[in-house]
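Engineer: Hey, dropping input.txt in here, compact mmCIF, C-alpha atoms:
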# COMPACT_ATOMS: atom_id res chain seq x y z
CA MET A 1 -12.75 18.72 8.59
CA PHE A 2 -9.52 17.47 7.09
CA THR A 3 -6.37 18.90 5.58
CA LEU A 4 -4.74 17.08 2.67
CA ARG A 5 -0.98 17.58 2.65
CA PRO A 6 2.26 15.93 1.53
CA ALA A 7 3.45 13.21 3.89
CA ARG A 8 6.48 13.78 6.11
CA GLU A 9 8.96 11.45 7.76
CA THR A 10 7.35 12.36 11.09
CA ASP A 11 4.12 10.68 9.86
CA ARG A 12 5.75 7.25 9.83
CA ALA A 13 4.22 6.00 13.11
CA ALA A 14 0.77 7.23 12.07
CA LEU A 15 1.01 5.51 8.68
CA TYR A 16 2.05 2.23 10.30
CA ARG A 17 -0.92 2.51 12.67
CA ILE A 18 -3.39 3.21 9.86
CA CYS A 19 -1.94 0.35 7.83
CA LEU A 20 -2.62 -2.02 10.73
CA GLU A 21 -6.06 -0.61 11.55
CA THR A 22 -7.20 -1.08 7.93
CA GLY A 23 -5.18 -4.25 7.23
CA ALA A 24 -8.04 -6.76 7.09
CA SER A 25 -9.63 -5.78 3.76
CA GLY A 26 -10.24 -2.29 5.13
CA GLN A 27 -11.11 -3.46 8.66
CA ASP A 28 -9.00 -3.32 11.82
CA ALA A 29 -6.32 -6.03 11.80
CA THR A 30 -4.80 -5.19 15.19
CA HIS A 31 -6.03 -8.45 16.73
CA LEU A 32 -4.57 -10.54 13.90
CA TYR A 33 -0.89 -9.59 14.19
CA ALA A 34 1.47 -10.24 17.08
CA ASP A 35 3.88 -7.63 15.69
CA PRO A 36 2.03 -4.34 15.12
CA LEU A 37 4.75 -3.05 12.75
CA ILE A 38 5.06 -5.91 10.29
CA LEU A 39 2.27 -4.78 7.93
CA GLY A 40 3.65 -1.25 7.85
CA HIS A 41 7.12 -2.53 6.99
CA VAL A 42 5.67 -3.92 3.75
CA TYR A 43 2.86 -1.55 2.77
CA ALA A 44 3.79 1.87 4.21
CA GLY A 45 7.39 2.30 5.37
CA PRO A 46 9.25 1.88 2.08
CA TYR A 47 7.07 4.48 0.37
CA LEU A 48 8.01 7.13 2.92
CA THR A 49 11.66 6.20 2.55
CA TYR A 50 11.94 5.93 -1.22
CA ALA A 51 8.94 7.75 -2.76
CA LEU A 52 8.11 10.64 -0.45
CA ASP A 53 7.18 12.91 -3.37
CA PHE A 54 4.23 10.60 -4.08
CA ALA A 55 2.93 10.24 -0.51
CA PHE A 56 0.00 12.29 0.78
CA VAL A 57 -1.98 12.23 4.02
CA LEU A 58 -5.25 13.42 5.49
CA GLU A 59 -4.91 15.28 8.78
CA ASP A 60 -7.84 15.90 11.11
CA LYS A 61 -8.00 19.66 11.65
CA GLY A 62 -9.36 19.25 15.15
CA SER A 63 -7.02 16.65 16.64
CA GLY A 64 -4.07 17.01 14.28
CA GLU A 65 -4.11 13.22 13.82
CA VAL A 66 -3.34 11.65 10.46
CA THR A 67 -6.39 9.59 9.50
CA GLY A 68 -5.62 8.44 5.98
CA TYR A 69 -2.97 8.24 3.29
CA VAL A 70 -2.25 7.48 -0.32
CA LEU A 71 1.21 6.18 -1.25
CA GLY A 72 2.52 5.65 -4.75
CA VAL A 73 5.60 5.07 -6.86
CA PRO A 74 5.98 6.09 -10.50
CA ASP A 75 8.24 3.18 -11.49
CA THR A 76 7.30 -0.10 -9.82
CA ALA A 77 10.17 -2.12 -11.31
CA ALA A 78 12.79 0.35 -10.07
CA PHE A 79 11.10 0.45 -6.66
CA GLU A 80 11.18 -3.34 -6.39
CA ALA A 81 14.88 -3.34 -7.24
CA THR A 82 15.61 -0.67 -4.62
CA LEU A 83 13.76 -2.65 -1.96
CA ASP A 84 15.73 -5.77 -2.87
CA ARG A 85 18.99 -3.88 -2.36
CA GLU A 86 18.19 -1.72 0.64
CA TRP A 87 14.86 -2.32 2.39
CA TRP A 88 14.33 -6.09 2.65
CA PRO A 89 17.80 -7.24 3.86
CA PRO A 90 17.60 -5.73 7.38
CA LEU A 91 13.97 -6.87 7.75
CA ARG A 92 14.99 -10.40 6.81
CA GLU A 93 17.33 -10.33 9.79
CA LEU A 94 14.37 -9.46 12.04
CA TYR A 95 11.77 -11.86 10.66
CA PRO A 96 12.60 -15.54 9.98
CA ASP A 97 11.58 -16.99 6.65
CA PRO A 98 8.62 -19.33 7.30
CA VAL A 99 9.30 -21.26 4.10
CA GLY A 100 9.47 -24.55 6.04
CA ILE A 101 5.97 -24.07 7.48
CA PRO A 102 3.06 -25.20 5.26
CA ARG A 103 1.23 -22.18 3.89
CA THR A 104 -2.06 -23.19 5.51
CA ASP A 105 -0.38 -23.41 8.92
CA ARG A 106 1.26 -19.98 8.86
CA THR A 107 0.14 -17.22 11.21
CA PRO A 108 -0.70 -13.79 9.75
CA ASP A 109 2.74 -12.57 10.84
CA GLN A 110 4.40 -15.49 9.09
CA ARG A 111 2.46 -14.81 5.90
CA ILE A 112 3.81 -11.25 5.86
CA ALA A 113 7.30 -12.49 6.76
CA HIS A 114 7.12 -14.72 3.71
CA LEU A 115 6.43 -11.63 1.57
CA ILE A 116 9.51 -9.97 3.07
CA HIS A 117 11.69 -12.90 2.08
CA HIS A 118 9.93 -13.61 -1.22
CA PRO A 119 8.39 -10.34 -2.43
CA PRO A 120 6.07 -10.88 -5.38
CA ARG A 121 6.95 -9.29 -8.70
CA VAL A 122 4.37 -7.42 -10.75
CA PRO A 123 4.06 -9.12 -14.16
CA GLN A 124 5.63 -7.31 -17.09
CA ASP A 125 2.35 -7.29 -18.99
CA VAL A 126 0.92 -5.09 -16.22
CA LEU A 127 4.00 -2.87 -15.91
CA SER A 128 4.15 -2.21 -19.65
CA GLY A 129 0.95 -0.19 -19.54
CA TYR A 130 0.69 0.64 -15.85
CA PRO A 131 4.22 1.14 -14.45
CA ALA A 132 3.13 3.02 -11.32
CA HIS A 133 1.27 1.56 -8.36
CA LEU A 134 -0.39 2.86 -5.22
CA HIS A 135 -1.88 2.03 -1.82
CA ILE A 136 -4.66 4.02 -0.16
CA ASP A 137 -6.06 3.54 3.34
CA LEU A 138 -8.44 5.66 5.41
CA LEU A 139 -9.65 5.16 8.95
CA PRO A 140 -13.46 5.05 9.35
CA ALA A 141 -13.55 8.64 10.65
CA ALA A 142 -12.09 9.86 7.35
CA GLN A 143 -14.24 7.74 5.03
CA GLY A 144 -17.06 9.31 3.06
CA GLY A 145 -17.31 12.95 2.18
CA GLY A 146 -15.00 12.63 -0.80
CA GLN A 147 -11.77 12.30 1.19
CA GLY A 148 -10.66 9.14 -0.61
CA ARG A 149 -11.33 10.70 -4.01
CA ALA A 150 -9.38 13.81 -3.01
CA LEU A 151 -6.36 11.72 -1.99
CA MET A 152 -6.51 9.69 -5.19
CA THR A 153 -6.85 12.79 -7.38
CA THR A 154 -3.84 14.40 -5.71
CA LEU A 155 -1.63 11.37 -6.29
CA LEU A 156 -2.88 10.73 -9.83
CA ASP A 157 -2.13 14.37 -10.72
CA ALA A 158 1.39 14.00 -9.30
CA LEU A 159 1.94 10.84 -11.35
CA ARG A 160 0.68 12.55 -14.50
CA GLU A 161 3.02 15.47 -13.91
CA ALA A 162 5.87 12.95 -13.64
CA GLY A 163 4.95 11.63 -17.09
CA VAL A 164 3.67 8.23 -15.94
CA ALA A 165 1.62 6.32 -18.51
CA GLY A 166 -0.60 4.39 -16.11
CA VAL A 167 -1.05 3.15 -12.56
CA HIS A 168 -2.17 -0.18 -11.11
CA LEU A 169 -3.22 -1.40 -7.68
CA GLY A 170 -4.23 -4.58 -5.93
CA VAL A 171 -7.29 -5.05 -3.75
CA GLY A 172 -8.60 -7.96 -1.71
CA GLU A 173 -11.03 -10.18 -3.58
CA ASN A 174 -13.60 -9.79 -0.79
CA ASN A 175 -13.21 -6.02 -0.46
CA THR A 176 -16.10 -5.22 -2.78
CA ARG A 177 -16.53 -1.72 -1.36
CA ALA A 178 -13.01 -0.74 -2.39
CA GLN A 179 -13.46 -2.38 -5.78
CA GLY A 180 -16.53 -0.25 -6.38
CA PHE A 181 -14.61 2.87 -5.36
CA TYR A 182 -11.84 2.18 -7.86
CA ARG A 183 -14.25 1.37 -10.66
CA HIS A 184 -16.04 4.66 -9.97
CA LEU A 185 -12.72 6.47 -10.45
CA GLY A 186 -12.26 4.84 -13.85
CA PHE A 187 -10.02 1.91 -12.95
CA GLN A 188 -10.59 -1.27 -14.93
CA GLU A 189 -9.97 -4.82 -13.81
CA LEU A 190 -6.73 -6.22 -15.27
CA GLY A 191 -6.74 -9.67 -13.72
CA ARG A 192 -7.36 -11.88 -10.72
CA ALA A 193 -5.23 -14.12 -8.55
CA PRO A 194 -6.30 -16.16 -5.52
CA GLY A 195 -7.54 -13.61 -3.00
CA SER A 196 -6.82 -10.45 -4.97
CA VAL A 197 -7.89 -8.35 -7.94
CA THR A 198 -5.61 -6.05 -9.96
CA PHE A 199 -6.98 -2.79 -11.37
CA GLY A 200 -5.37 -0.32 -13.77
CA LEU A 201 -5.92 3.25 -14.92
CA PRO A 202 -4.27 4.91 -17.97
CA LEU A 203 -2.92 8.36 -17.13
CA THR A 204 -2.04 9.67 -20.59
Write out the structure in this file as structure tokens.
Structural biologist:
Amino acid sequence: MFTLRPARETDRAALYRICLETGASGQDATHLYADPLILGHVYAGPYLTYALDFAFVLEDKGSGEVTGYVLGVPDTAAFEATLDREWWPPLRELYPDPVGIPRTDRTPDQRIAHLIHHPPRVPQDVLSGYPAHLHIDLLPAAQGGGQGRALMTTLLDALREAGVAGVHLGVGENNTRAQGFYRHLGFQELGRAPGSVTFGLPLT
């Protein structure tokens, strides 16, 4: 049994852990990264800091452990600008830019460090119709039973209440299970890039 509740600052360590344990297209990525925090710095931490009203977690009623989350922002462009000003600079002091290392020779940590120094920008043609974005991750114990749908519904309702026109997300090209989940919720494919697929859902 699980409780779905708004995320709190005290959930930060749990969210970083879940991010790592689902960081290989939904599978455990603990063995891939020398620094267990680096994935969370990109895909979890900034949402707790700057978009807490759009962060929700699943808590195991028995153990009290957080076993899943959904994190979103209503305005991706504004979020990217905030991260450029406030979030990335201190992390760039911690993680060297691997720009001088050929991409094929970079370790997983170095690939994420490159994102910290050169964060990708969502194209304007996506933002014009789908200005919000989200990340959702659940540990295996929380998968099935409608928990993912419940998290998504809670966030999508919050985005609608905020007047957001649409939401997009990215998923690994090989993560066909997740792609099927999003399609089942009504998301449609917007485009593909090497290794990833972008989906969008109108909210109005």
Engineer: Where does segment 132-172 of chain A meet segment 62-82 of chain A within 6 Å, residue by residue, with the nearest atom pair and distance in Å to one decimal for each, counting all atoms listed in the file, listed by chain and rising number, as a tab-separated table?
Structural biologist:
residue	atom	partner	partner_atom	distance
A:Ala132	CA	A:Pro74	CA	4.3
A:His133	CA	A:Gly72	CA	5.6
A:Leu134	CA	A:Gly72	CA	4.1
A:His135	CA	A:Leu71	CA	5.2
A:Ile136	CA	A:Val70	CA	4.2
A:Asp137	CA	A:Gly68	CA	5.6
A:Leu138	CA	A:Gly68	CA	4.0
A:Leu139	CA	A:Thr67	CA	5.5
Engineer: Of the candidates A:Glu189, A:Asp84, A:Asp35, A:Asp11, which shows the shortest atom-to-atom distance to Val57 of chain A, using only C-alpha atoms?
Structural biologist: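 Of the candidates, the smallest distance to Val57 of chain A is held by A:Asp11.
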Engineer: Name the closest residue to Ile38 of chain A among the candidates A:Arg103, A:Asp109, A:Ala13, A:Leu4; distances are taken between atoms, counting all atoms listed in the file.
Structural biologist: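 Of A:Arg103, A:Asp109, A:Ala13, A:Leu4, the one nearest Ile38 of chain A, counting all atoms listed in the file, is A:Asp109.
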Engineer: From (-9.8, 4.0, -11.3), in the file's coordinates, out to 9 Å: which residues are reached, counting only C-alpha atoms? Answer as a PDB file with C-alpha atoms, keeping the file's coordinate frame.
Structural biologist:
ATOM      1  CA  MET A 152      -6.510   9.690  -5.190  1.00  0.00           C
ATOM      2  CA  VAL A 167      -1.050   3.150 -12.560  1.00  0.00           C
ATOM      3  CA  HIS A 168      -2.170  -0.180 -11.110  1.00  0.00           C
ATOM      4  CA  PHE A 181     -14.610   2.870  -5.360  1.00  0.00           C
ATOM      5  CA  TYR A 182     -11.840   2.180  -7.860  1.00  0.00           C
ATOM      6  CA  ARG A 183     -14.250   1.370 -10.660  1.00  0.00           C
ATOM      7  CA  HIS A 184     -16.040   4.660  -9.970  1.00  0.00           C
ATOM      8  CA  LEU A 185     -12.720   6.470 -10.450  1.00  0.00           C
ATOM      9  CA  GLY A 186     -12.260   4.840 -13.850  1.00  0.00           C
ATOM     10  CA  PHE A 187     -10.020   1.910 -12.950  1.00  0.00           C
ATOM     11  CA  GLN A 188     -10.590  -1.270 -14.930  1.00  0.00           C
ATOM     12  CA  PHE A 199      -6.980  -2.790 -11.370  1.00  0.00           C
ATOM     13  CA  GLY A 200      -5.370  -0.320 -13.770  1.00  0.00           C
ATOM     14  CA  LEU A 201      -5.920   3.250 -14.920  1.00  0.00           C
ATOM     15  CA  PRO A 202      -4.270   4.910 -17.970  1.00  0.00           C
TER      16      PRO A 202
END
Engineer: Point out the residue among A:Leu159, A:Leu94, A:Ala178, A:Leu15 with the least atom-to-atom distance to Leu203 of chain A, counting all atoms listed in the file.
Structural biologist: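 For Leu203 of chain A, the nearest of the candidates is A:Leu159.
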Engineer: Could you please determine the separation between atom CA of Ala44 of chain A and atom CA of Thr176 of chain A in Å, to one decimal place?
Structural biologist: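 Between these atoms lies a distance of 22.2 Å.
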Engineer: Between atom CA of Trp88 of chain A and atom CA of Leu48 of chain A, what is the distance, to one decimal in Å?
Structural biologist: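 Separating atom CA of Trp88 of chain A from atom CA of Leu48 of chain A is a distance of 14.7 Å.
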Engineer: Rounded to one decimal in Å, what is the spacing between atom CA of Tyr33 of chain A and atom CA of Gln143 of chain A?
Structural biologist: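 Atom CA of Tyr33 of chain A sits 23.7 Å away from atom CA of Gln143 of chain A.
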Engineer: Between A:Ala7, A:Ile112, A:Ala141, A:Ala193, which residue has the minimum interatomic distance to Phe54 of chain A, considering all atoms listed in the file?
Structural biologist: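 Distance minimum relative to Phe54 of chain A lands on A:Ala7.
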Engineer: Which is closer to Glu173 of chain A than all the others in A:Ala29, A:Ala113, A:Leu58, A:Val197, using only C-alpha atoms?
Structural biologist: A:Val197
Engineer: Enclose the full set of atoms of segment 185-193 of chain A listed in the file within a box whose edges lie along x, y and z, apply 8 Å of padding to each of the six sides, and report centre and edge lengths in Å to one decimal as AutoDock Vina command-line options.
Structural biologist:
--center_x -9.0 --center_y -3.8 --center_z -11.9 --size_x 23.5 --size_y 36.6 --size_z 22.7
Engineer: Select, from A:Val99, A:Glu161, A:Ala150, A:Pro108, the residue with the minimum atom-to-atom distance to Pro36 of chain A, counting all atoms listed in the file.
Structural biologist: A:Pro108
Engineer: Reconstruct N, CA, C and O atoms of segment 79-104 of chain A; output as an mmCIF file, keeping the file's coordinate frame.
Structural biologist:
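Wrote it out as result_29.cif, contents follow:
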data_model
loop_
_atom_site.group_PDB
_atom_site.id
_atom_site.type_symbol
_atom_site.label_atom_id
_atom_site.label_comp_id
_atom_site.auth_asym_id
_atom_site.auth_seq_id
_atom_site.Cartn_x
_atom_site.Cartn_y
_atom_site.Cartn_z
ATOM 1 N N PHE A 79 11.404 0.507 -8.090
ATOM 2 C CA PHE A 79 11.100 0.450 -6.660
ATOM 3 C C PHE A 79 11.366 -0.944 -6.106
ATOM 4 O O PHE A 79 11.993 -1.098 -5.051
ATOM 5 N N GLU A 80 10.932 -1.959 -6.821
ATOM 6 C CA GLU A 80 11.180 -3.340 -6.390
ATOM 7 C C GLU A 80 12.670 -3.617 -6.292
ATOM 8 O O GLU A 80 13.133 -4.279 -5.343
ATOM 9 N N ALA A 81 13.440 -3.116 -7.261
ATOM 10 C CA ALA A 81 14.880 -3.340 -7.240
ATOM 11 C C ALA A 81 15.536 -2.623 -6.065
ATOM 12 O O ALA A 81 16.444 -3.164 -5.414
ATOM 13 N N THR A 82 15.082 -1.410 -5.761
ATOM 14 C CA THR A 82 15.610 -0.670 -4.620
ATOM 15 C C THR A 82 15.326 -1.403 -3.313
ATOM 16 O O THR A 82 16.199 -1.506 -2.441
ATOM 17 N N LEU A 83 14.107 -1.917 -3.175
ATOM 18 C CA LEU A 83 13.760 -2.650 -1.960
ATOM 19 C C LEU A 83 14.612 -3.904 -1.816
ATOM 20 O O LEU A 83 15.036 -4.248 -0.705
ATOM 21 N N ASP A 84 14.869 -4.580 -2.922
ATOM 22 C CA ASP A 84 15.730 -5.770 -2.870
ATOM 23 C C ASP A 84 17.122 -5.414 -2.355
ATOM 24 O O ASP A 84 17.723 -6.177 -1.593
ATOM 25 N N ARG A 85 17.647 -4.281 -2.756
ATOM 26 C CA ARG A 85 18.990 -3.880 -2.360
ATOM 27 C C ARG A 85 19.055 -3.339 -0.940
ATOM 28 O O ARG A 85 19.997 -3.617 -0.203
ATOM 29 N N GLU A 86 18.039 -2.551 -0.554
ATOM 30 C CA GLU A 86 18.190 -1.720 0.640
ATOM 31 C C GLU A 86 17.168 -1.972 1.747
ATOM 32 O O GLU A 86 17.500 -1.854 2.926
ATOM 33 N N TRP A 87 15.928 -2.274 1.384
ATOM 34 C CA TRP A 87 14.860 -2.320 2.390
ATOM 35 C C TRP A 87 14.687 -3.710 2.995
ATOM 36 O O TRP A 87 14.574 -3.867 4.210
ATOM 37 N N TRP A 88 14.622 -4.739 2.146
ATOM 38 C CA TRP A 88 14.330 -6.090 2.650
ATOM 39 C C TRP A 88 15.467 -6.698 3.467
ATOM 40 O O TRP A 88 15.168 -7.398 4.459
ATOM 41 N N PRO A 89 16.744 -6.527 3.112
ATOM 42 C CA PRO A 89 17.800 -7.240 3.860
ATOM 43 C C PRO A 89 17.761 -7.059 5.373
ATOM 44 O O PRO A 89 17.802 -8.062 6.107
ATOM 45 N N PRO A 90 17.653 -5.826 5.909
ATOM 46 C CA PRO A 90 17.600 -5.730 7.380
ATOM 47 C C PRO A 90 16.333 -6.327 7.981
ATOM 48 O O PRO A 90 16.364 -6.859 9.098
ATOM 49 N N LEU A 91 15.214 -6.276 7.239
ATOM 50 C CA LEU A 91 13.970 -6.870 7.750
ATOM 51 C C LEU A 91 14.065 -8.399 7.760
ATOM 52 O O LEU A 91 13.474 -9.060 8.631
ATOM 53 N N ARG A 92 14.808 -8.945 6.822
ATOM 54 C CA ARG A 92 14.990 -10.400 6.810
ATOM 55 C C ARG A 92 15.799 -10.877 7.994
ATOM 56 O O ARG A 92 15.700 -12.049 8.399
ATOM 57 N N GLU A 93 16.612 -10.000 8.558
ATOM 58 C CA GLU A 93 17.330 -10.330 9.790
ATOM 59 C C GLU A 93 16.378 -10.367 10.984
ATOM 60 O O GLU A 93 16.602 -11.102 11.949
ATOM 61 N N LEU A 94 15.322 -9.555 10.917
ATOM 62 C CA LEU A 94 14.370 -9.460 12.040
ATOM 63 C C LEU A 94 13.318 -10.571 12.008
ATOM 64 O O LEU A 94 12.891 -11.049 13.064
ATOM 65 N N TYR A 95 12.899 -10.942 10.797
ATOM 66 C CA TYR A 95 11.770 -11.860 10.660
ATOM 67 C C TYR A 95 12.228 -13.137 9.954
ATOM 68 O O TYR A 95 12.603 -13.091 8.779
ATOM 69 N N PRO A 96 12.193 -14.277 10.619
ATOM 70 C CA PRO A 96 12.600 -15.540 9.980
ATOM 71 C C PRO A 96 11.719 -15.884 8.797
ATOM 72 O O PRO A 96 10.524 -15.585 8.776
ATOM 73 N N ASP A 97 12.315 -16.523 7.830
ATOM 74 C CA ASP A 97 11.580 -16.990 6.650
ATOM 75 C C ASP A 97 10.775 -18.236 7.047
ATOM 76 O O ASP A 97 11.344 -19.246 7.470
ATOM 77 N N PRO A 98 9.446 -18.182 6.909
ATOM 78 C CA PRO A 98 8.620 -19.330 7.300
ATOM 79 C C PRO A 98 8.481 -20.377 6.196
ATOM 80 O O PRO A 98 7.505 -21.132 6.174
ATOM 81 N N VAL A 99 9.441 -20.405 5.280
ATOM 82 C CA VAL A 99 9.300 -21.260 4.100
ATOM 83 C C VAL A 99 9.101 -22.724 4.463
ATOM 84 O O VAL A 99 8.460 -23.479 3.724
ATOM 85 N N GLY A 100 9.616 -23.162 5.636
ATOM 86 C CA GLY A 100 9.470 -24.550 6.040
ATOM 87 C C GLY A 100 8.131 -24.887 6.660
ATOM 88 O O GLY A 100 7.847 -26.054 6.948
ATOM 89 N N ILE A 101 7.288 -23.866 6.874
ATOM 90 C CA ILE A 101 5.970 -24.070 7.480
ATOM 91 C C ILE A 101 4.925 -24.121 6.362
ATOM 92 O O ILE A 101 4.891 -23.225 5.513
ATOM 93 N N PRO A 102 4.095 -25.157 6.304
ATOM 94 C CA PRO A 102 3.060 -25.200 5.260
ATOM 95 C C PRO A 102 2.241 -23.914 5.234
ATOM 96 O O PRO A 102 1.911 -23.354 6.287
ATOM 97 N N ARG A 103 1.912 -23.465 4.053
ATOM 98 C CA ARG A 103 1.230 -22.180 3.890
ATOM 99 C C ARG A 103 -0.044 -22.108 4.722
ATOM 100 O O ARG A 103 -0.342 -21.073 5.342
ATOM 101 N N THR A 104 -0.789 -23.198 4.777
ATOM 102 C CA THR A 104 -2.060 -23.190 5.510
ATOM 103 C C THR A 104 -1.865 -23.128 7.018
ATOM 104 O O THR A 104 -2.807 -22.826 7.749
#
